[in-house]
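Here is the file structure17.pdb (PDB, C-alpha atoms).
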ATOM      1  CA  MET A   1    -104.166  -9.878  63.341
ATOM      2  CA  THR A   2    -103.754 -13.055  61.252
ATOM      3  CA  GLU A   3    -104.815 -12.697  57.623
ATOM      4  CA  GLN A   4    -108.006 -14.634  56.883
ATOM      5  CA  ASN A   5    -107.632 -17.569  54.490
ATOM      6  CA  SER A   6    -110.768 -19.710  54.140
ATOM      7  CA  ARG A   7    -109.139 -22.385  51.989
ATOM      8  CA  LEU A   8    -106.303 -22.872  54.497
ATOM      9  CA  GLY A   9    -108.813 -22.872  57.348
ATOM     10  CA  ILE A  10    -110.879 -25.622  55.732
ATOM     11  CA  GLY A  11    -107.732 -27.672  55.152
ATOM     12  CA  LEU A  12    -106.703 -27.261  58.776
ATOM     13  CA  MET A  13    -110.188 -28.253  59.970
ATOM     14  CA  LEU A  14    -110.114 -31.403  57.818
ATOM     15  CA  ALA A  15    -106.651 -32.231  59.170
ATOM     16  CA  ALA A  16    -107.847 -31.638  62.748
ATOM     17  CA  THR A  17    -110.880 -33.904  62.321
ATOM     18  CA  PHE A  18    -108.680 -36.651  60.866
ATOM     19  CA  VAL A  19    -106.222 -36.434  63.765
ATOM     20  CA  PHE A  20    -109.066 -36.315  66.322
ATOM     21  CA  SER A  21    -110.504 -39.472  64.724
ATOM     22  CA  ALA A  22    -107.125 -41.207  64.917
ATOM     23  CA  GLN A  23    -106.895 -40.131  68.566
ATOM     24  CA  ASP A  24    -110.323 -41.656  69.240
ATOM     25  CA  GLY A  25    -109.246 -44.925  67.642
ATOM     26  CA  ILE A  26    -106.099 -45.086  69.765
ATOM     27  CA  SER A  27    -108.141 -44.213  72.874
ATOM     28  CA  ARG A  28    -110.506 -47.083  72.093
ATOM     29  CA  HIS A  29    -107.610 -49.518  71.752
ATOM     30  CA  LEU A  30    -105.894 -48.480  74.988
ATOM     31  CA  ALA A  31    -109.110 -48.227  77.026
ATOM     32  CA  GLY A  32    -109.957 -51.738  75.874
ATOM     33  CA  GLN A  33    -106.658 -53.003  77.341
ATOM     34  CA  TYR A  34    -106.185 -50.797  80.417
ATOM     35  CA  ASN A  35    -108.229 -48.833  82.914
ATOM     36  CA  VAL A  36    -109.690 -45.752  81.223
ATOM     37  CA  PHE A  37    -108.796 -43.530  84.214
ATOM     38  CA  MET A  38    -105.095 -44.329  83.847
ATOM     39  CA  VAL A  39    -105.165 -43.806  80.075
ATOM     40  CA  MET A  40    -106.830 -40.410  80.429
ATOM     41  CA  MET A  41    -104.506 -39.396  83.278
ATOM     42  CA  ILE A  42    -101.400 -39.905  81.139
ATOM     43  CA  ARG A  43    -103.055 -38.147  78.204
ATOM     44  CA  TYR A  44    -103.876 -35.148  80.405
ATOM     45  CA  TRP A  45    -100.298 -34.985  81.714
ATOM     46  CA  PHE A  46     -99.091 -34.431  78.177
ATOM     47  CA  PHE A  47    -101.979 -32.055  77.436
ATOM     48  CA  ALA A  48    -101.127 -29.936  80.493
ATOM     49  CA  ALA A  49     -97.473 -29.790  79.455
ATOM     50  CA  PHE A  50     -98.617 -28.664  76.005
ATOM     51  CA  VAL A  51    -100.812 -25.801  77.263
ATOM     52  CA  ILE A  52     -98.136 -24.655  79.733
ATOM     53  CA  LEU A  53     -95.606 -24.580  76.891
ATOM     54  CA  LEU A  54     -97.999 -22.491  74.795
ATOM     55  CA  ALA A  55     -98.581 -20.121  77.720
ATOM     56  CA  THR A  56     -94.854 -19.552  78.260
ATOM     57  CA  ARG A  57     -94.446 -18.549  74.617
ATOM     58  CA  GLN A  58     -97.161 -15.869  74.781
ATOM     59  CA  ALA A  59     -96.886 -12.325  76.103
ATOM     60  CA  GLY A  60     -97.528 -12.276  79.840
ATOM     61  CA  GLY A  61     -96.597 -15.930  80.252
ATOM     62  CA  ILE A  62     -98.311 -18.356  82.615
ATOM     63  CA  ARG A  63     -99.511 -15.606  84.975
ATOM     64  CA  ASP A  64    -101.617 -13.950  82.261
ATOM     65  CA  ALA A  65    -102.828 -17.300  80.908
ATOM     66  CA  ALA A  66    -104.054 -18.346  84.358
ATOM     67  CA  ARG A  67    -105.736 -15.017  85.181
ATOM     68  CA  THR A  68    -109.550 -15.318  85.050
ATOM     69  CA  THR A  69    -112.557 -13.397  86.310
ATOM     70  CA  MET A  70    -114.608 -16.562  86.804
ATOM     71  CA  PRO A  71    -112.434 -19.339  88.301
ATOM     72  CA  TRP A  72    -115.366 -21.476  89.460
ATOM     73  CA  ILE A  73    -116.914 -21.654  86.014
ATOM     74  CA  GLN A  74    -113.523 -22.275  84.399
ATOM     75  CA  GLY A  75    -112.888 -25.075  86.877
ATOM     76  CA  PHE A  76    -116.328 -26.603  86.341
ATOM     77  CA  ARG A  77    -116.072 -26.577  82.545
ATOM     78  CA  SER A  78    -112.640 -28.222  82.782
ATOM     79  CA  LEU A  79    -114.043 -30.999  84.987
ATOM     80  CA  LEU A  80    -117.025 -31.311  82.663
ATOM     81  CA  LEU A  81    -114.687 -31.998  79.736
ATOM     82  CA  ILE A  82    -112.996 -34.766  81.757
ATOM     83  CA  ALA A  83    -116.380 -36.389  82.373
ATOM     84  CA  GLU A  84    -117.240 -36.071  78.675
ATOM     85  CA  VAL A  85    -113.954 -37.632  77.529
ATOM     86  CA  LEU A  86    -114.266 -40.547  79.980
ATOM     87  CA  THR A  87    -117.870 -41.146  78.925
ATOM     88  CA  LEU A  88    -117.077 -41.012  75.234
ATOM     89  CA  VAL A  89    -114.030 -43.285  75.447
ATOM     90  CA  THR A  90    -116.133 -45.819  77.365
ATOM     91  CA  ALA A  91    -118.739 -45.561  74.600
ATOM     92  CA  PHE A  92    -116.012 -46.194  71.985
ATOM     93  CA  VAL A  93    -115.177 -49.491  73.697
ATOM     94  CA  ILE A  94    -118.795 -50.630  74.187
ATOM     95  CA  LEU A  95    -120.542 -49.232  71.088
ATOM     96  CA  GLY A  96    -117.687 -48.722  68.646
ATOM     97  CA  LEU A  97    -116.539 -45.595  66.847
ATOM     98  CA  VAL A  98    -119.267 -45.547  64.184
ATOM     99  CA  GLU A  99    -122.359 -45.551  66.388
ATOM    100  CA  THR A 100    -120.775 -43.342  69.071
ATOM    101  CA  HIS A 101    -119.799 -40.630  66.598
ATOM    102  CA  ALA A 102    -123.132 -40.872  64.773
ATOM    103  CA  ILE A 103    -124.928 -40.068  68.041
ATOM    104  CA  PHE A 104    -122.299 -37.568  69.213
ATOM    105  CA  ALA A 105    -122.854 -35.540  66.009
ATOM    106  CA  VAL A 106    -125.994 -34.151  67.661
ATOM    107  CA  TYR A 107    -123.990 -31.896  69.999
ATOM    108  CA  PRO A 108    -124.164 -28.740  67.774
ATOM    109  CA  LEU A 109    -127.950 -29.042  67.885
ATOM    110  CA  MET A 110    -127.797 -29.288  71.671
ATOM    111  CA  VAL A 111    -125.626 -26.162  71.692
ATOM    112  CA  ALA A 112    -128.247 -24.336  69.621
ATOM    113  CA  ALA A 113    -131.073 -25.537  71.882
ATOM    114  CA  LEU A 114    -129.296 -24.501  75.104
ATOM    115  CA  SER A 115    -127.816 -21.229  73.830
ATOM    116  CA  GLY A 116    -131.057 -19.402  74.701
ATOM    117  CA  PRO A 117    -131.364 -20.288  78.409
ATOM    118  CA  ILE A 118    -127.588 -20.244  79.078
ATOM    119  CA  LEU A 119    -126.302 -17.401  76.882
ATOM    120  CA  GLY A 120    -129.507 -15.475  76.252
ATOM    121  CA  GLU A 121    -129.197 -15.914  72.486
ATOM    122  CA  ARG A 122    -132.281 -15.890  70.268
ATOM    123  CA  VAL A 123    -133.102 -19.167  68.522
ATOM    124  CA  GLY A 124    -135.535 -18.718  65.613
ATOM    125  CA  TRP A 125    -138.187 -21.158  64.492
ATOM    126  CA  ARG A 126    -136.049 -22.464  61.600
ATOM    127  CA  ARG A 127    -133.277 -23.510  63.953
ATOM    128  CA  TRP A 128    -135.789 -25.043  66.363
ATOM    129  CA  LEU A 129    -137.153 -27.042  63.429
ATOM    130  CA  ALA A 130    -133.631 -28.202  62.536
ATOM    131  CA  ILE A 131    -133.049 -29.171  66.180
ATOM    132  CA  GLY A 132    -136.238 -31.229  66.157
ATOM    133  CA  ILE A 133    -135.270 -32.952  62.901
ATOM    134  CA  GLY A 134    -131.819 -33.679  64.283
ATOM    135  CA  PHE A 135    -133.267 -35.428  67.303
ATOM    136  CA  VAL A 136    -135.477 -37.481  64.994
ATOM    137  CA  GLY A 137    -132.204 -38.617  63.415
ATOM    138  CA  ILE A 138    -130.963 -39.700  66.856
ATOM    139  CA  LEU A 139    -134.130 -41.749  67.327
ATOM    140  CA  VAL A 140    -133.493 -43.401  63.964
ATOM    141  CA  ILE A 141    -130.010 -44.380  65.186
ATOM    142  CA  LEU A 142    -131.161 -45.563  68.625
ATOM    143  CA  GLN A 143    -134.322 -47.322  67.374
ATOM    144  CA  PRO A 144    -136.135 -47.252  70.739
ATOM    145  CA  GLY A 145    -138.895 -49.846  70.754
ATOM    146  CA  PHE A 146    -137.413 -51.835  67.844
ATOM    147  CA  GLY A 147    -135.414 -54.969  68.587
ATOM    148  CA  VAL A 148    -132.994 -54.752  71.509
ATOM    149  CA  PHE A 149    -132.197 -51.180  72.520
ATOM    150  CA  SER A 150    -128.724 -50.840  73.995
ATOM    151  CA  PRO A 151    -128.714 -48.649  77.126
ATOM    152  CA  ALA A 152    -125.001 -48.116  76.408
ATOM    153  CA  ALA A 153    -126.081 -45.837  73.533
ATOM    154  CA  LEU A 154    -127.112 -43.337  76.202
ATOM    155  CA  LEU A 155    -123.392 -42.933  76.987
ATOM    156  CA  ALA A 156    -122.926 -41.248  73.610
ATOM    157  CA  VAL A 157    -126.008 -39.071  74.207
ATOM    158  CA  ALA A 158    -124.672 -38.062  77.626
ATOM    159  CA  GLY A 159    -121.257 -37.339  76.116
ATOM    160  CA  ALA A 160    -122.813 -35.095  73.479
ATOM    161  CA  ALA A 161    -124.832 -33.233  76.125
ATOM    162  CA  MET A 162    -121.774 -32.664  78.296
ATOM    163  CA  PHE A 163    -119.690 -31.467  75.347
ATOM    164  CA  ALA A 164    -122.472 -29.081  74.304
ATOM    165  CA  LEU A 165    -122.601 -27.617  77.817
ATOM    166  CA  TYR A 166    -118.802 -27.416  77.868
ATOM    167  CA  GLY A 167    -118.870 -25.459  74.597
ATOM    168  CA  LEU A 168    -121.515 -23.062  75.886
ATOM    169  CA  LEU A 169    -119.608 -22.443  79.128
ATOM    170  CA  THR A 170    -116.459 -21.833  77.087
ATOM    171  CA  ARG A 171    -118.334 -19.201  75.071
ATOM    172  CA  TYR A 172    -119.696 -17.708  78.299
ATOM    173  CA  CYS A 173    -116.192 -17.478  79.782
ATOM    174  CA  GLY A 174    -115.008 -16.007  76.490
ATOM    175  CA  ARG A 175    -116.974 -12.851  77.232
ATOM    176  CA  SER A 176    -114.277 -11.865  79.717
ATOM    177  CA  ASP A 177    -111.454 -14.422  79.436
ATOM    178  CA  SER A 178    -109.202 -15.050  76.438
ATOM    179  CA  ALA A 179    -109.157 -18.333  74.536
ATOM    180  CA  ALA A 180    -105.630 -18.901  75.867
ATOM    181  CA  THR A 181    -106.926 -18.646  79.442
ATOM    182  CA  SER A 182    -109.728 -21.162  78.847
ATOM    183  CA  PHE A 183    -107.293 -23.525  77.116
ATOM    184  CA  PHE A 184    -104.815 -23.214  80.018
ATOM    185  CA  TRP A 185    -107.467 -24.008  82.613
ATOM    186  CA  THR A 186    -108.744 -26.957  80.568
ATOM    187  CA  GLY A 187    -105.323 -28.608  80.494
ATOM    188  CA  THR A 188    -104.053 -27.860  83.980
ATOM    189  CA  VAL A 189    -107.237 -28.479  85.970
ATOM    190  CA  GLY A 190    -107.829 -31.610  83.931
ATOM    191  CA  ALA A 191    -104.352 -32.938  84.683
ATOM    192  CA  VAL A 192    -104.699 -32.328  88.435
ATOM    193  CA  ALA A 193    -108.171 -33.902  88.611
ATOM    194  CA  MET A 194    -107.244 -36.936  86.516
ATOM    195  CA  THR A 195    -104.082 -37.513  88.567
ATOM    196  CA  LEU A 196    -106.120 -37.588  91.785
ATOM    197  CA  ILE A 197    -108.340 -40.267  90.209
ATOM    198  CA  GLY A 198    -106.111 -42.156  87.819
ATOM    199  CA  ILE A 199    -103.133 -42.721  90.091
ATOM    200  CA  TRP A 200    -105.203 -45.320  91.995
ATOM    201  CA  PHE A 201    -105.774 -47.337  88.819
ATOM    202  CA  TRP A 202    -102.174 -47.607  87.599
ATOM    203  CA  GLU A 203    -101.407 -50.745  85.609
ATOM    204  CA  PRO A 204     -98.148 -51.889  83.995
ATOM    205  CA  MET A 205     -98.141 -51.399  80.223
ATOM    206  CA  THR A 206     -96.321 -53.283  77.516
ATOM    207  CA  ALA A 207     -93.642 -51.505  75.479
ATOM    208  CA  GLY A 208     -95.878 -51.626  72.426
ATOM    209  CA  ASP A 209     -98.765 -49.967  74.246
ATOM    210  CA  TRP A 210     -96.447 -47.292  75.645
ATOM    211  CA  ALA A 211     -95.741 -46.453  72.000
ATOM    212  CA  TRP A 212     -99.482 -46.200  71.373
ATOM    213  CA  MET A 213     -99.814 -44.022  74.474
ATOM    214  CA  ALA A 214     -97.093 -41.705  73.195
ATOM    215  CA  LEU A 215     -98.900 -41.485  69.855
ATOM    216  CA  LEU A 216    -102.173 -40.734  71.669
ATOM    217  CA  CYS A 217    -100.546 -37.822  73.510
ATOM    218  CA  VAL A 218     -99.028 -36.453  70.311
ATOM    219  CA  THR A 219    -102.261 -36.707  68.338
ATOM    220  CA  ALA A 220    -104.248 -35.052  71.139
ATOM    221  CA  SER A 221    -101.929 -32.032  71.203
ATOM    222  CA  LEU A 222    -101.570 -31.895  67.405
ATOM    223  CA  ALA A 223    -105.345 -31.957  66.925
ATOM    224  CA  HIS A 224    -105.847 -29.048  69.330
ATOM    225  CA  TRP A 225    -103.023 -27.090  67.698
ATOM    226  CA  LEU A 226    -104.563 -27.620  64.242
ATOM    227  CA  LEU A 227    -107.923 -26.448  65.580
ATOM    228  CA  ILE A 228    -106.404 -23.325  67.126
ATOM    229  CA  ARG A 229    -104.636 -22.487  63.855
ATOM    230  CA  CYS A 230    -107.845 -23.167  61.941
ATOM    231  CA  TYR A 231    -109.812 -20.569  63.906
ATOM    232  CA  GLU A 232    -106.915 -18.122  63.634
ATOM    233  CA  VAL A 233    -106.894 -18.114  59.813
ATOM    234  CA  ALA A 234    -110.619 -18.488  59.012
ATOM    235  CA  GLU A 235    -114.036 -17.554  60.397
ATOM    236  CA  ALA A 236    -115.734 -20.232  62.487
ATOM    237  CA  SER A 237    -118.887 -20.036  60.338
ATOM    238  CA  VAL A 238    -116.841 -21.023  57.273
ATOM    239  CA  VAL A 239    -114.940 -23.976  58.732
ATOM    240  CA  GLN A 240    -117.344 -25.380  61.342
ATOM    241  CA  PRO A 241    -119.508 -27.409  58.907
ATOM    242  CA  PHE A 242    -116.370 -29.320  57.882
ATOM    243  CA  ALA A 243    -116.030 -30.566  61.472
ATOM    244  CA  TYR A 244    -118.642 -33.175  60.539
ATOM    245  CA  PHE A 245    -115.949 -34.956  58.548
ATOM    246  CA  GLN A 246    -114.835 -36.373  61.891
ATOM    247  CA  LEU A 247    -117.854 -38.672  61.650
ATOM    248  CA  VAL A 248    -116.647 -39.841  58.223
ATOM    249  CA  PHE A 249    -113.049 -40.416  59.342
ATOM    250  CA  ALA A 250    -114.033 -42.084  62.635
ATOM    251  CA  SER A 251    -116.441 -44.385  60.799
ATOM    252  CA  ALA A 252    -113.689 -45.339  58.346
ATOM    253  CA  PHE A 253    -111.348 -46.215  61.228
ATOM    254  CA  GLY A 254    -114.102 -48.100  63.021
ATOM    255  CA  VAL A 255    -115.069 -50.215  60.006
ATOM    256  CA  THR A 256    -111.598 -50.936  58.597
ATOM    257  CA  ILE A 257    -109.576 -51.350  61.794
ATOM    258  CA  PHE A 258    -112.014 -52.371  64.538
ATOM    259  CA  GLY A 259    -114.588 -54.194  62.418
ATOM    260  CA  ASP A 260    -117.520 -52.004  63.463
ATOM    261  CA  ALA A 261    -120.764 -52.701  61.616
ATOM    262  CA  LEU A 262    -122.149 -49.930  59.394
ATOM    263  CA  GLU A 263    -125.869 -50.395  60.045
ATOM    264  CA  LEU A 264    -128.372 -48.788  57.665
ATOM    265  CA  ASN A 265    -130.297 -47.050  60.469
ATOM    266  CA  VAL A 266    -127.031 -45.519  61.749
ATOM    267  CA  VAL A 267    -126.134 -44.207  58.291
ATOM    268  CA  ILE A 268    -129.621 -42.725  57.728
ATOM    269  CA  GLY A 269    -129.766 -41.224  61.219
ATOM    270  CA  ALA A 270    -126.274 -39.772  60.895
ATOM    271  CA  LEU A 271    -127.198 -38.129  57.576
ATOM    272  CA  ILE A 272    -130.307 -36.584  59.171
ATOM    273  CA  VAL A 273    -128.355 -35.310  62.198
ATOM    274  CA  THR A 274    -125.510 -33.975  60.060
ATOM    275  CA  SER A 275    -127.832 -32.184  57.638
ATOM    276  CA  ALA A 276    -129.755 -30.587  60.499
ATOM    277  CA  GLY A 277    -126.513 -29.567  62.198
ATOM    278  CA  ILE A 278    -125.078 -27.964  59.072
ATOM    279  CA  PHE A 279    -128.352 -26.076  58.533
ATOM    280  CA  THR A 280    -128.188 -24.830  62.132
ATOM    281  CA  LEU A 281    -124.600 -23.653  61.666
ATOM    282  CA  VAL A 282    -125.513 -21.839  58.440
ATOM    283  CA  ARG A 283    -128.497 -20.136  60.100
ATOM    284  CA  SER A 284    -126.284 -19.099  63.029
ATOM    285  CA  ALA A 285    -123.766 -17.575  60.615
ATOM    286  CA  ILE A 286    -126.525 -15.681  58.773
ATOM    287  CA  ALA A 287    -127.927 -14.367  62.067
ATOM    288  CA  ALA A 288    -124.458 -13.291  63.221
ATOM    289  CA  ARG A 289    -123.809 -11.380  59.977
ATOM    290  CA  ALA A 290    -127.199  -9.683  60.215
ATOM    291  CA  SER A 291    -126.462  -8.686  63.798
ATOM    292  CA  ARG A 292    -123.088  -7.201  62.785
ATOM    293  CA  ARG A 293    -124.747  -5.241  59.966
ATOM    294  CA  ASP A 294    -127.369  -3.853  62.353
ATOM    295  CA  GLY A 295    -124.670  -2.896  64.837
ATOM    296  CA  ALA A 296    -122.723  -1.037  62.167
ATOM    297  CA  ARG A 297    -125.659   1.205  61.278
TER     298      ARG A 297
END
Output the file's structure as structure tokens, nothing else.
Amino acid sequence: MTEQNSRLGIGLMLAATFVFSAQDGISRHLAGQYNVFMVMMIRYWFFAAFVILLATRQAGGIRDAARTTMPWIQGFRSLLLIAEVLTLVTAFVILGLVETHAIFAVYPLMVAALSGPILGERVGWRRWLAIGIGFVGILVILQPGFGVFSPAALLAVAGAAMFALYGLLTRYCGRSDSAATSFFWTGTVGAVAMTLIGIWFWEPMTAGDWAWMALLCVTASLAHWLLIRCYEVAEASVVQPFAYFQLVFASAFGVTIFGDALELNVVIGALIVTSAGIFTLVRSAIAARASRRDGAR
């Protein structure tokens, strides 16, 4: 078992969020120049190669990594992640990184809200209150009824909902399958599905954009590796609140590189959503510790 190191875990989480944000910026650039299906297909090719390489280096190899007790759910969650990535990248192009990530930050609250009906977990009144406050923050960002509401903002909401469901299904599969198995299915099923779609949208790319594509593939794999290492060396309850730094990094990229506007309502709404999400994560950690104490008695 890996020795727990909270400080290293926090550092790895911050590094992962920075790399994920860079990946999102590159995805926005490429999807603005080429068909998003082709961009995601090439990205998934590299991702699949990465997870297969990891599987071959583990005990049991690819056979053990692929073995699952619930193939239909594993397949569905893998396809769900594809839909989420395509939706979010489209939102990056239409809305920009700042507004998309500000709305997407609501996904931990969606996880908390859906954990009861899907996983049978108990959600107390404090967390329900935080969920409600978080959705108020989303309304502040979207401003329905004020000025011109952009229906494209619903892309970010849909992306957050799909990612929340993906996370819950991953936890559900984790009751019987290892993390390595879920990771293997995510990469391989995703690559097959995206190839069946993306191959019909192939476009010639410039040499410069092939370099950006290569960097996108590297950052995607590096970010996942950093996240895996993060959860190996530190408890999720310690490092998860630092995942919100992705909103900070993505906003910085959006403003400085892509010229995204930093609207006051987006900043206020993002602060509300982030605060509610961190509170929810803290309450979940407290409940988990209490449950472990009760189980030890």
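Distance annotation: of A:Thr219, A:Gln246, A:Thr195, A:Thr68, the residue with the minimal separation from A:Thr17 is A:Gln246; atom set is only C-alpha atoms.
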For this session: Quick one: pull the distance between atom CA of A:Ile278 and atom CA of A:Ile257, Å, one decimal.
Result: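 These two atoms are separated by 28.2 Å.
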Exercise. Once the PyMOL selection byres ((chain A and resi 118) around 12) has been applied to the shown file, what residues remain in the selection, as a PyMOL selection string?
Worked result: chain A and resi 110-117+119-123+164-173
Exercise. Within 9 Å of A:Arg127, counting only C-alpha atoms, which residues qualify if same-chain residues fewer than 5 places away don't, as a PyMOL selection string?
Worked result: chain A and resi 109+112-113+132+276+279-281+283-284
For this session: Determine, counting all atoms listed in the file, which protein, DNA and RNA residues have an atom within 9 Å of an atom of A:Ala91; residues of the same chain fewer than 3 positions away are not included. Present the result as a list in words.
Result: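 Contacts, with the query itself left out: Arg28, Leu86, Thr87, Leu88, Ile94, Leu95, Gly96, Leu97, Glu99, Thr100, Ala152, Ala153, Leu154, Leu155, Ala156 and Gly159 of chain A.
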Problem set entry | Picked residues, the PyMOL selection byres ((chain A and resi 201) around 7), expected as an NGL selection string | :A and (35 or 37-38 or 198-200 or 202-203)
